[in-house]
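S.K.: As input, take protein_9.txt (compact mmCIF, C-alpha atoms):
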```
# COMPACT_ATOMS: atom_id res chain seq x y z
CA MET K 550 5.86 44.19 -38.89
CA ASN K 551 6.48 41.09 -41.00
CA TRP K 552 4.34 38.21 -39.73
CA LEU K 553 7.22 35.75 -39.89
CA PHE K 554 9.47 38.07 -37.88
CA LEU K 555 6.81 38.43 -35.19
CA LEU K 556 6.14 34.68 -35.14
CA SER K 557 9.88 33.96 -34.93
CA LEU K 558 10.22 36.32 -31.96
CA ILE K 559 7.26 34.76 -30.14
CA THR K 560 8.31 31.15 -30.70
CA ALA K 561 11.93 31.84 -29.71
CA SER K 562 10.69 33.50 -26.50
CA ILE K 563 8.41 30.55 -25.70
CA SER K 564 11.30 28.13 -26.30
CA LEU K 565 13.52 30.17 -23.96
CA LEU K 566 10.82 30.11 -21.29
CA PHE K 567 10.51 26.32 -21.47
CA ALA K 568 14.31 25.93 -21.43
CA MET K 569 14.49 27.98 -18.23
CA VAL K 570 11.66 25.99 -16.63
CA PHE K 571 13.22 22.61 -17.42
CA LEU K 572 16.69 23.69 -16.29
CA ALA K 573 15.25 25.19 -13.10
CA ILE K 574 13.55 21.87 -12.34
CA TYR K 575 16.82 20.05 -12.99
CA TRP K 576 18.65 22.50 -10.71
CA GLN K 577 16.28 21.65 -7.86
CA ARG K 578 15.77 17.97 -8.72
CA PRO K 579 18.87 16.58 -10.50
CA ASP K 580 17.37 13.11 -10.13
CA ILE K 581 14.90 14.07 -12.90
CA GLU K 582 17.57 13.77 -15.59
CA ALA K 583 15.09 14.16 -18.44
CA THR K 584 14.69 17.87 -17.67
CA ARG K 585 18.39 18.50 -18.35
CA SER K 586 18.08 17.11 -21.87
CA TRP K 587 14.85 19.01 -22.46
CA GLY K 588 16.48 22.22 -21.22
CA ILE K 589 19.28 21.76 -23.77
CA ALA K 590 16.74 20.93 -26.49
CA PHE K 591 14.74 24.10 -25.96
CA LEU K 592 17.87 26.26 -25.80
CA LEU K 593 18.68 24.90 -29.25
CA LEU K 594 15.13 25.67 -30.33
CA VAL K 595 15.62 29.29 -29.27
CA VAL K 596 18.17 29.51 -32.07
CA ALA K 597 16.11 27.41 -34.49
CA MET K 598 12.93 29.42 -33.96
CA GLY K 599 14.84 32.70 -34.03
CA THR K 600 16.53 32.12 -37.39
CA VAL K 601 13.73 33.67 -39.45
CA GLY K 602 13.77 36.76 -37.25
CA LEU K 603 17.53 37.04 -37.69
CA ARG K 604 17.17 36.48 -41.45
CA ILE K 605 14.67 39.33 -41.71
CA GLY K 606 16.54 41.58 -39.26
CA LEU K 607 19.89 41.03 -40.96
CA PRO K 608 19.04 40.99 -44.69
CA ASP K 609 22.65 41.62 -45.78
CA VAL K 610 23.98 38.44 -44.13
CA ASP K 611 24.30 35.34 -46.31
CA PRO K 612 20.85 33.65 -45.92
CA HIS K 613 22.43 30.20 -46.20
CA ILE K 614 23.98 30.73 -42.75
CA PHE K 615 20.50 30.94 -41.22
CA SER K 616 19.20 28.06 -43.33
CA ASN K 617 21.92 25.71 -42.10
CA ALA K 618 21.68 27.05 -38.54
CA LEU K 619 18.02 26.08 -38.54
CA ALA K 620 18.89 22.61 -39.82
CA VAL K 621 21.52 21.86 -37.20
CA THR K 622 19.72 23.34 -34.18
CA ALA K 623 16.31 21.82 -34.99
CA GLY K 624 17.88 18.41 -35.67
CA LEU K 625 19.87 18.46 -32.43
CA ALA K 626 16.86 19.73 -30.48
CA CYS K 627 14.87 16.68 -31.56
CA PHE K 628 17.73 14.42 -30.54
CA TYR K 629 17.84 15.94 -27.05
CA VAL K 630 14.05 15.77 -26.74
CA TYR K 631 14.35 12.06 -27.52
CA GLN K 632 17.28 11.66 -25.11
CA GLY K 633 15.15 13.22 -22.36
CA ILE K 634 12.25 10.92 -23.20
CA ARG K 635 14.53 7.89 -22.79
CA CYS K 636 15.46 9.07 -19.30
CA TRP K 637 11.82 9.90 -18.49
CA ARG K 638 10.66 6.44 -19.47
CA GLU K 639 13.57 4.83 -17.58
CA VAL K 640 15.26 3.52 -20.73
CA ASP K 641 19.07 3.70 -20.68
CA ALA K 642 20.25 7.03 -22.09
CA TYR K 643 22.73 7.07 -24.94
CA SER K 644 26.39 7.37 -24.01
CA TRP K 645 28.30 10.62 -24.30
CA GLY K 646 30.20 9.11 -27.23
CA PHE K 647 27.02 8.40 -29.17
CA SER K 648 25.59 11.83 -28.35
CA LEU K 649 28.82 13.50 -29.51
CA ALA K 650 28.70 11.52 -32.75
CA VAL K 651 25.15 12.74 -33.42
CA VAL K 652 26.17 16.36 -32.74
CA LEU K 653 29.21 16.12 -35.01
CA ILE K 654 27.34 14.46 -37.88
CA ILE K 655 24.46 16.94 -37.91
CA SER K 656 26.82 19.93 -37.50
CA SER K 657 29.15 18.66 -40.23
CA LEU K 658 26.31 18.18 -42.71
CA ALA K 659 25.03 21.70 -42.05
CA PHE K 660 28.54 23.13 -42.40
CA LEU K 661 29.06 21.34 -45.71
CA GLY K 662 25.73 22.72 -46.89
CA TYR K 663 26.95 26.21 -46.07
CA LEU K 664 30.32 25.73 -47.82
CA ASN K 665 28.68 24.38 -50.95
CA ASN K 666 25.16 25.63 -51.66
CA ALA K 667 24.65 22.76 -54.08
CA LEU K 668 24.88 20.39 -51.09
CA GLU K 669 22.39 22.37 -49.02
CA PRO K 670 19.34 20.27 -50.06
CA VAL K 671 21.25 17.15 -48.99
CA SER K 672 22.14 18.56 -45.57
CA LEU K 673 18.60 19.81 -45.05
CA PHE K 674 17.23 16.45 -46.09
CA ALA K 675 19.53 14.78 -43.54
CA ALA K 676 18.42 17.20 -40.82
CA ARG K 677 14.77 16.49 -41.56
CA LEU K 678 15.56 12.80 -41.50
CA TYR K 679 17.04 13.22 -38.01
CA ILE K 680 13.99 15.19 -36.84
CA GLY K 681 11.64 12.54 -38.21
CA ILE K 682 13.61 9.54 -36.91
CA PHE K 683 14.22 10.88 -33.40
CA SER K 684 10.62 12.06 -33.12
CA ALA K 685 9.34 8.64 -34.19
CA LEU K 686 11.69 6.93 -31.75
CA GLY K 687 10.45 9.28 -29.04
CA VAL K 688 6.85 8.29 -29.73
CA TYR K 689 7.79 4.60 -29.56
CA THR K 690 9.68 5.06 -26.28
CA LEU K 691 6.84 7.04 -24.71
CA LEU K 692 4.37 4.27 -25.45
CA THR K 693 6.55 1.26 -24.66
CA GLY K 694 8.96 2.26 -21.86
CA PRO K 695 8.90 0.18 -18.64
CA LYS K 696 7.73 3.01 -16.41
CA GLU K 697 4.01 3.40 -15.69
CA LYS K 698 2.42 5.83 -18.15
CA ASN K 699 0.26 8.86 -17.38
CA ILE K 700 -1.75 11.25 -19.57
CA GLY K 701 1.36 13.38 -20.15
CA HIS K 702 3.08 10.52 -21.97
CA TYR K 703 0.17 9.95 -24.34
CA LEU K 704 -0.34 13.65 -25.14
CA THR K 705 3.39 14.19 -25.70
CA ALA K 706 3.44 11.22 -28.07
CA ALA K 707 0.49 12.62 -30.04
CA PHE K 708 2.19 15.94 -30.76
CA LEU K 709 5.64 14.43 -31.21
CA ALA K 710 4.15 12.25 -33.94
CA ALA K 711 3.36 15.42 -35.91
CA ASN K 712 7.08 16.08 -36.49
CA PRO K 713 7.70 13.16 -38.89
CA VAL K 714 4.62 14.25 -40.85
CA THR K 715 5.74 17.88 -41.22
CA GLN K 716 9.27 16.84 -42.16
CA THR K 717 8.00 14.41 -44.81
CA VAL K 718 5.99 17.26 -46.35
CA SER K 719 9.06 19.52 -46.18
CA ILE K 720 11.20 16.94 -47.97
CA TYR K 721 8.56 16.63 -50.68
CA LEU K 722 8.45 20.42 -51.18
CA ILE K 723 12.24 20.60 -51.43
CA PHE K 724 12.73 17.78 -53.91
CA ALA K 725 9.60 18.51 -55.90
CA GLY K 726 11.13 21.89 -56.67
CA GLN K 727 8.12 23.76 -55.30
CA SER K 728 10.24 25.76 -52.86
CA ILE K 729 13.85 26.78 -52.38
CA PRO K 730 15.72 24.91 -49.65
CA ASP K 731 14.20 25.65 -46.27
CA GLY K 732 12.62 28.93 -47.36
CA ILE K 733 15.04 30.97 -45.24
CA ALA K 734 17.54 31.07 -48.08
CA ALA K 735 15.07 33.09 -50.18
CA SER K 736 16.70 35.89 -52.14
CA THR K 737 14.17 38.49 -50.86
CA ILE K 738 12.11 39.00 -47.70
CA GLU K 739 8.96 38.95 -49.84
CA GLU K 740 9.89 35.54 -51.26
CA LEU K 741 10.60 34.30 -47.73
CA SER K 742 7.18 35.49 -46.51
CA ASN K 743 5.50 33.55 -49.32
CA SER K 744 7.57 30.38 -48.81
CA ARG K 745 5.54 27.26 -48.11
CA LEU K 746 8.46 25.76 -46.23
CA ALA K 747 8.80 28.79 -43.98
CA ALA K 748 5.10 28.67 -43.18
CA LEU K 749 5.29 24.93 -42.48
CA ASN K 750 8.38 25.17 -40.28
CA PHE K 751 7.36 28.27 -38.36
CA VAL K 752 3.74 27.40 -37.79
CA GLY K 753 3.69 23.60 -37.57
CA LEU K 754 6.93 23.04 -35.64
CA PRO K 755 6.34 25.74 -32.99
CA ILE K 756 2.87 24.36 -32.28
CA SER K 757 4.28 20.84 -32.04
CA PHE K 758 7.23 21.75 -29.79
CA THR K 759 5.14 24.00 -27.54
CA ALA K 760 2.67 21.16 -26.99
CA ILE K 761 5.52 18.68 -26.43
CA ALA K 762 7.04 20.94 -23.75
CA LEU K 763 3.69 21.50 -22.05
CA PHE K 764 2.82 17.82 -21.89
CA CYS K 765 6.32 16.73 -20.88
CA LEU K 766 6.02 19.25 -18.04
CA LEU K 767 2.53 17.97 -17.22
CA GLY K 768 3.75 14.38 -17.12
CA VAL K 769 6.70 15.26 -14.85
CA LEU K 770 4.45 17.22 -12.47
CA LEU K 771 1.98 14.33 -12.31
CA GLU K 772 4.83 11.96 -11.47
CA LEU K 773 6.17 14.34 -8.83
CA GLY K 774 2.71 14.59 -7.29
CA GLN K 775 2.42 10.82 -7.16
CA GLN K 776 5.94 10.54 -5.75
CA LEU K 777 5.15 13.06 -3.01
CA ARG K 778 1.98 11.15 -2.16
CA ASP K 779 3.90 7.86 -2.03
CA GLU K 780 6.55 9.45 0.18
CA SER K 781 3.86 10.74 2.53
CA LEU K 782 2.70 7.15 3.00
CA ARG K 783 6.18 5.78 3.72
CA ASP K 784 8.30 5.78 6.85
CA TRP K 785 11.47 7.78 6.16
CA LEU K 786 13.72 5.46 8.17
CA THR K 787 12.67 1.93 7.23
CA GLY K 788 11.05 2.53 3.84
CA THR K 789 7.97 0.59 4.96
CA PHE K 790 4.50 2.12 5.09
CA ASN K 791 3.81 4.54 7.91
CA ARG K 792 0.60 4.60 9.92
CA ARG K 793 -1.26 6.66 7.29
CA GLY K 794 -0.14 4.40 4.44
CA PHE K 795 -1.07 1.30 6.39
CA VAL K 796 -4.55 2.57 7.21
CA ASP K 797 -5.20 3.49 3.56
CA ILE K 798 -4.48 -0.06 2.39
CA ALA K 799 -5.83 -1.87 5.45
CA GLU K 800 -9.24 -0.21 5.12
CA LYS K 801 -9.54 -1.46 1.54
CA SER K 802 -8.48 -4.98 2.55
CA PHE K 803 -10.92 -4.90 5.46
CA ALA K 804 -13.81 -3.90 3.19
CA LEU K 805 -12.89 -6.65 0.70
CA SER K 806 -12.69 -9.22 3.51
CA ARG K 807 -16.18 -8.27 4.73
CA ARG K 808 -17.67 -8.53 1.25
CA GLN K 809 -16.09 -11.89 0.51
CA GLY K 810 -16.36 -13.29 4.02
CA SER K 811 -12.65 -14.13 3.99
CA ASN K 812 -10.23 -14.14 6.91
CA LEU K 813 -8.16 -11.11 7.82
CA SER K 814 -5.72 -10.92 10.72
CA LEU K 815 -3.31 -8.42 12.25
CA ILE K 816 -0.02 -8.73 14.09
CA LEU K 817 1.02 -5.80 16.26
CA PHE K 818 4.38 -5.98 18.01
CA ASP K 819 6.62 -3.73 20.04
CA MET K 820 10.38 -4.14 20.52
CA ASP K 821 11.30 -5.03 24.11
CA ASN K 822 13.63 -2.76 26.10
CA PHE K 823 14.44 -0.78 22.97
CA LYS K 824 15.34 2.35 24.95
CA THR K 825 18.39 0.59 26.36
CA ILE K 826 19.83 0.24 22.84
CA ASN K 827 19.48 3.96 22.22
CA ASP K 828 20.85 4.84 25.66
CA ARG K 829 23.83 2.48 25.52
CA TYR K 830 24.85 2.54 21.85
CA GLY K 831 23.26 5.74 20.54
CA HIS K 832 20.32 6.56 18.29
CA ASP K 833 22.20 5.48 15.16
CA ALA K 834 22.32 1.97 16.58
CA GLY K 835 18.58 2.19 17.28
CA ASP K 836 17.92 3.26 13.69
CA THR K 837 20.05 0.36 12.44
CA ALA K 838 18.00 -2.04 14.56
CA LEU K 839 14.69 -0.72 13.20
CA ARG K 840 15.87 -1.06 9.61
CA TRP K 841 17.08 -4.58 10.35
CA VAL K 842 13.69 -5.55 11.82
CA SER K 843 12.02 -4.13 8.70
CA ARG K 844 14.21 -6.27 6.42
CA LEU K 845 13.55 -9.34 8.55
CA LEU K 846 9.80 -8.84 8.21
CA GLN K 847 10.07 -8.51 4.44
CA GLU K 848 11.95 -11.81 4.32
CA ARG K 849 9.50 -13.70 6.55
CA LEU K 850 6.17 -12.45 5.19
CA ARG K 851 4.18 -13.48 2.14
CA SER K 852 4.01 -11.21 -0.90
CA SER K 853 0.32 -10.56 -0.14
CA ASP K 854 1.04 -9.40 3.42
CA MET K 855 1.62 -5.76 4.25
CA MET K 856 3.76 -4.30 7.01
CA ALA K 857 4.20 -0.82 8.45
CA ARG K 858 6.04 1.03 11.14
CA TRP K 859 3.17 1.86 13.47
CA GLY K 860 5.20 4.31 15.52
CA GLY K 861 8.49 4.44 17.42
CA GLU K 862 9.65 0.84 17.77
CA GLU K 863 6.21 -0.62 17.07
CA PHE K 864 5.34 -2.50 13.86
CA ILE K 865 2.07 -3.80 12.43
CA VAL K 866 1.44 -6.54 9.86
CA LEU K 867 -1.73 -7.09 7.81
CA LEU K 868 -2.38 -10.71 6.85
CA PRO K 869 -5.13 -11.22 4.24
CA ASP K 870 -6.66 -14.71 4.06
CA ALA K 871 -5.13 -15.68 7.40
CA SER K 872 -6.92 -16.88 10.53
CA GLU K 873 -5.80 -15.92 14.01
CA GLN K 874 -4.08 -19.30 14.34
CA ASP K 875 -2.16 -18.64 11.12
CA ALA K 876 -1.19 -15.20 12.41
CA LEU K 877 -0.02 -16.66 15.75
CA ARG K 878 2.31 -19.04 13.91
CA ILE K 879 3.70 -16.24 11.74
CA ALA K 880 4.17 -13.98 14.77
CA ASP K 881 6.03 -16.68 16.68
CA ASP K 882 8.25 -17.33 13.65
CA ILE K 883 9.18 -13.63 13.58
CA ARG K 884 9.77 -13.63 17.35
CA LEU K 885 12.15 -16.61 17.16
CA HIS K 886 14.13 -15.10 14.28
CA LEU K 887 14.50 -11.84 16.20
CA GLN K 888 15.67 -13.69 19.26
CA HIS K 889 18.17 -16.00 17.55
CA GLN K 890 19.79 -13.56 15.11
CA PRO K 891 22.06 -11.13 17.02
CA LEU K 892 22.44 -7.71 15.43
CA ALA K 893 25.80 -5.93 15.17
CA VAL K 894 24.97 -2.43 16.38
CA THR K 895 28.64 -1.34 16.36
CA ASP K 896 31.92 -2.82 15.11
CA LYS K 897 32.47 -4.42 18.51
CA ALA K 898 29.00 -4.97 19.93
CA GLU K 899 26.07 -7.27 19.16
CA VAL K 900 22.64 -7.29 20.73
CA SER K 901 19.84 -9.83 20.75
CA LEU K 902 16.48 -8.28 20.05
CA SER K 903 13.11 -9.44 21.27
CA ALA K 904 9.55 -8.23 20.86
CA SER K 905 6.10 -8.69 22.38
CA PHE K 906 3.31 -9.62 19.99
CA GLY K 907 -0.46 -9.21 19.88
CA VAL K 908 -2.64 -10.92 17.27
CA ALA K 909 -6.27 -10.38 16.29
CA GLN K 910 -8.63 -11.58 13.56
CA ARG K 911 -11.50 -9.71 11.94
CA ASN K 912 -14.89 -10.89 13.11
CA SER K 913 -18.38 -10.25 11.80
CA ALA K 914 -19.12 -7.62 14.46
CA ASP K 915 -16.21 -5.38 13.41
CA ALA K 916 -17.32 -2.25 11.57
CA THR K 917 -13.83 -0.89 10.82
CA ILE K 918 -10.22 -2.02 10.82
CA ASP K 919 -9.76 0.02 14.01
CA ALA K 920 -11.69 -2.61 15.96
CA VAL K 921 -9.21 -5.30 14.92
CA VAL K 922 -6.25 -3.05 15.73
CA THR K 923 -7.68 -2.33 19.20
CA ARG K 924 -7.93 -6.05 20.01
CA ALA K 925 -4.41 -6.69 18.71
CA ASP K 926 -3.17 -3.80 20.86
CA LYS K 927 -4.79 -5.31 23.96
CA ALA K 928 -3.19 -8.68 23.18
CA LEU K 929 0.17 -6.92 22.79
CA TYR K 930 -0.06 -5.32 26.22
CA HIS K 931 -1.03 -8.69 27.66
CA SER K 932 2.23 -10.06 26.24
CA LYS K 933 4.11 -7.20 27.88
CA ARG K 934 2.53 -7.95 31.24
CA GLU K 935 3.31 -11.66 30.84
CA GLY K 936 7.04 -10.97 30.75
CA LYS K 937 7.64 -9.82 27.15
CA ASN K 938 9.18 -11.82 24.26
CA CYS K 939 5.95 -13.77 23.74
CA VAL K 940 2.87 -13.94 21.50
CA HIS K 941 -0.77 -13.72 22.53
CA GLY K 942 -3.97 -13.73 20.48
CA SER K 943 -7.03 -11.69 21.33
CA ALA K 944 -9.31 -14.73 21.11
CA ALA K 945 -7.36 -16.62 23.80
CA ILE K 946 -7.32 -13.56 26.09
CA LYS K 947 -11.07 -13.11 25.71
CA ALA K 948 -11.68 -16.81 26.42
CA ALA K 949 -9.52 -16.63 29.57
CA VAL K 950 -11.47 -13.63 30.83
```
Output the file's structure as structure tokens, nothing else.
M.R.:
Amino acid sequence: MNWLFLLSLITASISLLFAMVFLAIYWQRPDIEATRSWGIAFLLLVVAMGTVGLRIGLPDVDPHIFSNALAVTAGLACFYVYQGIRCWREVDAYSWGFSLAVVLIISSLAFLGYLNNALEPVSLFAARLYIGIFSALGVYTLLTGPKEKNIGHYLTAAFLAANPVTQTVSIYLIFAGQSIPDGIAASTIEELSNSRLAALNFVGLPISFTAIALFCLLGVLLELGQQLRDESLRDWLTGTFNRRGFVDIAEKSFALSRRQGSNLSLILFDMDNFKTINDRYGHDAGDTALRWVSRLLQERLRSSDMMARWGGEEFIVLLPDASEQDALRIADDIRLHLQHQPLAVTDKAEVSLSASFGVAQRNSADATIDAVVTRADKALYHSKREGKNCVHGSAAIKAAV
């Protein structure tokens, strides 16, 4: 079996596999728009990588058909790889009009090259120019896009950078007269097998595109893993941290506070009579109230503070570089805003919310953040016993005892 035929079959099969993987991901996660463009790109590469096999399998067909088919499909594949990279790096994708213009220009050039064989080197040069330009733009976007980069971005950029190099060599071989246009248009199978261009295109490009697909996939999977981890640390209703997410960050802040000897305080509060809202207006109204409290906290807290939904209608706030007195003032500010800003729970009903607060500060005897939370919890229950809608600090409770 001819080595080029076998290589063409293998590379076309690999391209089809990657196309199916990317489109399957897009089917399940349409929010990952990059995979749609990559799926289209690798479907085009199925044709591009299969052209040599078709040329060898169908020797009586005009070879210029396959030569121009390779030009148009490889050029468009690079464009869609780049389009996917723009989405991946959160850079605005090109409009449908621009994409259609690219498709029409590349297709028209290839068609003209088929109609007039004398124009074929020009159309192939243009296709290689597209491959080189869009690959170079892809490398630039991978390395400069606003989204945080991972190892997948860097590895994809490394192999994508090989495309402009291979296409520059191809252009040199064409215009230096050392090879017929694209190799596929060889008059005999033997001449095709000995073509430098065929070897370059069907060894260098498959390696490059296979690596690009692998590392794009790696980068997407790494991002999905990080996204799943972030989601596991967030409360689904309010978007704030949940208990697990809070503890992860609070433990680090606690350790830093101990090393530096800086202040660290907590506010723990529980909404008063919250069950009556659910019972009277329904659970949707209760959910609305919890989201509203979350937004209020975000507005009233410093950028260095961290809040979380501790459970049910209970919230917790971490205050770095804040004494218990500072935390008491912040807690009372939140309490007053809750009390004086009625919430519309339905189109015709408003409710005034209130909460009971407990405050505690890290002290030198605390071994973990749990000790601070426990004292804040005791202060919270003291506020509940004192009639609710009030703030108490653990230090004052301990002094009174």
S.K.: Can you pull out every residue within 12 Å of Glu899 in chain K, counting all atoms listed in the file, but drop anything in the same chain fewer than 4 positions away, and send it as a ChimeraX atom specification?
M.R.: /K:826,829-830,834,837-838,889-895
S.K.: Would you pick out the contacts of range 769-776 of chain K at 9 Å or less, using all atoms listed in the file, so that residues sharing its chain but fewer than 3 positions from it are not included, and give the list as JSON, numbers by chain?
M.R.: {"K": [581, 584, 637, 699, 700, 701, 764, 765, 766, 779, 780, 781]}
S.K.: Here is a test: counting all atoms listed in the file, which residue of K:Glu697, K:Phe795, K:Ala909, K:Thr600 is nearest to Ile614 in chain K?
M.R.: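 Nearest to Ile614 in chain K: K:Thr600.
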S.K.: Looking at all atoms listed in the file, which of K:Arg792, K:Ala928, K:Asp896, K:Ala904 is the one that sits closest to Glu873 in chain K?
M.R.: K:Ala928
S.K.: Between K:Pro612, K:Gly588, K:Pro695, K:Gly599, which one has atoms that come closest to Glu639 in chain K, using all atoms listed in the file?
M.R.: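 Once distances to Glu639 in chain K are computed over all atoms listed in the file, the minimum belongs to K:Pro695.
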S.K.: Using all atoms listed in the file for the distances, tell me which of K:Asp875, K:Asn912, K:Ala568, K:Phe803 is nearest to Thr759 in chain K.
M.R.: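 Looking at the shortest contact to Thr759 in chain K, the residue is K:Ala568.
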S.K.: Mind giving me the straight-line distance from CA of Cys939 in chain K to CA of Asp870 in chain K in Å, one decimal?
M.R.: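 So the two atoms, CA of Cys939 in chain K and CA of Asp870 in chain K, lie 23.4 Å apart.
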S.K.: Counting all atoms listed in the file, which residue out of K:Ala583, K:Ile563, K:Ile574, K:Leu692 sits closest to Val596 in chain K?
M.R.: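 Distance minimum relative to Val596 in chain K lands on K:Ile563.
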S.K.: So the first atom is CA of Asn712 in chain K and the second is CA of Leu686 in chain K; what is the distance between them in Å, to one decimal place?
M.R.: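 That distance, rounded to one decimal, is 11.3 Å.
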S.K.: Just how far from CA of Leu815 in chain K is CA of Ile865 in chain K, in Å to one decimal?
M.R.: 7.1 Å
S.K.: From the options K:Ala916, K:Gln888, K:Ser586, K:Phe708, which residue's atoms come nearest to Ser648 in chain K, counting all atoms listed in the file?
M.R.: K:Ser586
S.K.: Would you mind listing what lies within 12 Å of Lys801 in chain K as a compact mmCIF listing (two decimals) with C-alpha atoms, in the frame of the given file, with all atoms listed in the file counted and same-chain residues fewer than 3 positions away left out?
M.R.:
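Output (around_0.txt):
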```
# COMPACT_ATOMS: atom_id res chain seq x y z
CA GLY K 794 -0.14 4.40 4.44
CA PHE K 795 -1.07 1.30 6.39
CA VAL K 796 -4.55 2.57 7.21
CA ASP K 797 -5.20 3.49 3.56
CA ILE K 798 -4.48 -0.06 2.39
CA ALA K 804 -13.81 -3.90 3.19
CA LEU K 805 -12.89 -6.65 0.70
CA SER K 806 -12.69 -9.22 3.51
CA ARG K 807 -16.18 -8.27 4.73
CA ARG K 808 -17.67 -8.53 1.25
CA LEU K 813 -8.16 -11.11 7.82
CA LEU K 867 -1.73 -7.09 7.81
CA PRO K 869 -5.13 -11.22 4.24
CA THR K 917 -13.83 -0.89 10.82
CA ILE K 918 -10.22 -2.02 10.82
```
S.K.: Kindly add N, CA, C and O atoms to the incomplete range 682-696 of chain K and provide the output as a PDB file, in the frame of the given file.
M.R.:
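Just written: part.pdb:
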```pdb
ATOM      1  N   ILE K 682      13.223  10.799 -37.564  1.00  0.00           N
ATOM      2  CA  ILE K 682      13.610   9.540 -36.910  1.00  0.00           C
ATOM      3  C   ILE K 682      13.565   9.675 -35.396  1.00  0.00           C
ATOM      4  O   ILE K 682      12.985   8.830 -34.699  1.00  0.00           O
ATOM      5  N   PHE K 683      14.180  10.736 -34.855  1.00  0.00           N
ATOM      6  CA  PHE K 683      14.220  10.880 -33.400  1.00  0.00           C
ATOM      7  C   PHE K 683      12.834  11.159 -32.818  1.00  0.00           C
ATOM      8  O   PHE K 683      12.526  10.741 -31.702  1.00  0.00           O
ATOM      9  N   SER K 684      11.993  11.842 -33.581  1.00  0.00           N
ATOM     10  CA  SER K 684      10.620  12.060 -33.120  1.00  0.00           C
ATOM     11  C   SER K 684       9.849  10.746 -33.093  1.00  0.00           C
ATOM     12  O   SER K 684       9.128  10.455 -32.134  1.00  0.00           O
ATOM     13  N   ALA K 685      10.022   9.938 -34.140  1.00  0.00           N
ATOM     14  CA  ALA K 685       9.340   8.640 -34.190  1.00  0.00           C
ATOM     15  C   ALA K 685       9.835   7.714 -33.082  1.00  0.00           C
ATOM     16  O   ALA K 685       9.041   7.018 -32.430  1.00  0.00           O
ATOM     17  N   LEU K 686      11.143   7.728 -32.837  1.00  0.00           N
ATOM     18  CA  LEU K 686      11.690   6.930 -31.750  1.00  0.00           C
ATOM     19  C   LEU K 686      11.170   7.410 -30.396  1.00  0.00           C
ATOM     20  O   LEU K 686      10.915   6.613 -29.483  1.00  0.00           O
ATOM     21  N   GLY K 687      10.999   8.731 -30.273  1.00  0.00           N
ATOM     22  CA  GLY K 687      10.450   9.280 -29.040  1.00  0.00           C
ATOM     23  C   GLY K 687       9.029   8.803 -28.793  1.00  0.00           C
ATOM     24  O   GLY K 687       8.658   8.458 -27.663  1.00  0.00           O
ATOM     25  N   VAL K 688       8.223   8.785 -29.848  1.00  0.00           N
ATOM     26  CA  VAL K 688       6.850   8.290 -29.730  1.00  0.00           C
ATOM     27  C   VAL K 688       6.854   6.832 -29.286  1.00  0.00           C
ATOM     28  O   VAL K 688       6.119   6.434 -28.364  1.00  0.00           O
ATOM     29  N   TYR K 689       7.706   6.025 -29.906  1.00  0.00           N
ATOM     30  CA  TYR K 689       7.790   4.600 -29.560  1.00  0.00           C
ATOM     31  C   TYR K 689       8.202   4.417 -28.095  1.00  0.00           C
ATOM     32  O   TYR K 689       7.618   3.602 -27.365  1.00  0.00           O
ATOM     33  N   THR K 690       9.195   5.182 -27.651  1.00  0.00           N
ATOM     34  CA  THR K 690       9.680   5.060 -26.280  1.00  0.00           C
ATOM     35  C   THR K 690       8.630   5.504 -25.277  1.00  0.00           C
ATOM     36  O   THR K 690       8.469   4.898 -24.206  1.00  0.00           O
ATOM     37  N   LEU K 691       7.902   6.565 -25.601  1.00  0.00           N
ATOM     38  CA  LEU K 691       6.840   7.040 -24.710  1.00  0.00           C
ATOM     39  C   LEU K 691       5.779   5.979 -24.487  1.00  0.00           C
ATOM     40  O   LEU K 691       5.241   5.837 -23.387  1.00  0.00           O
ATOM     41  N   LEU K 692       5.474   5.229 -25.529  1.00  0.00           N
ATOM     42  CA  LEU K 692       4.370   4.270 -25.450  1.00  0.00           C
ATOM     43  C   LEU K 692       4.806   2.885 -24.991  1.00  0.00           C
ATOM     44  O   LEU K 692       3.955   2.070 -24.639  1.00  0.00           O
ATOM     45  N   THR K 693       6.112   2.616 -24.982  1.00  0.00           N
ATOM     46  CA  THR K 693       6.550   1.260 -24.660  1.00  0.00           C
ATOM     47  C   THR K 693       7.510   1.175 -23.485  1.00  0.00           C
ATOM     48  O   THR K 693       7.853   0.076 -23.057  1.00  0.00           O
ATOM     49  N   GLY K 694       7.994   2.304 -22.954  1.00  0.00           N
ATOM     50  CA  GLY K 694       8.960   2.260 -21.860  1.00  0.00           C
ATOM     51  C   GLY K 694       8.418   1.515 -20.651  1.00  0.00           C
ATOM     52  O   GLY K 694       7.206   1.375 -20.466  1.00  0.00           O
ATOM     53  N   PRO K 695       9.317   1.013 -19.773  1.00  0.00           N
ATOM     54  CA  PRO K 695       8.900   0.180 -18.640  1.00  0.00           C
ATOM     55  C   PRO K 695       8.156   0.940 -17.545  1.00  0.00           C
ATOM     56  O   PRO K 695       7.411   0.342 -16.773  1.00  0.00           O
ATOM     57  N   LYS K 696       8.354   2.237 -17.479  1.00  0.00           N
ATOM     58  CA  LYS K 696       7.730   3.010 -16.410  1.00  0.00           C
ATOM     59  C   LYS K 696       6.233   3.160 -16.649  1.00  0.00           C
ATOM     60  O   LYS K 696       5.773   3.214 -17.789  1.00  0.00           O
TER      61      LYS K 696
END
```
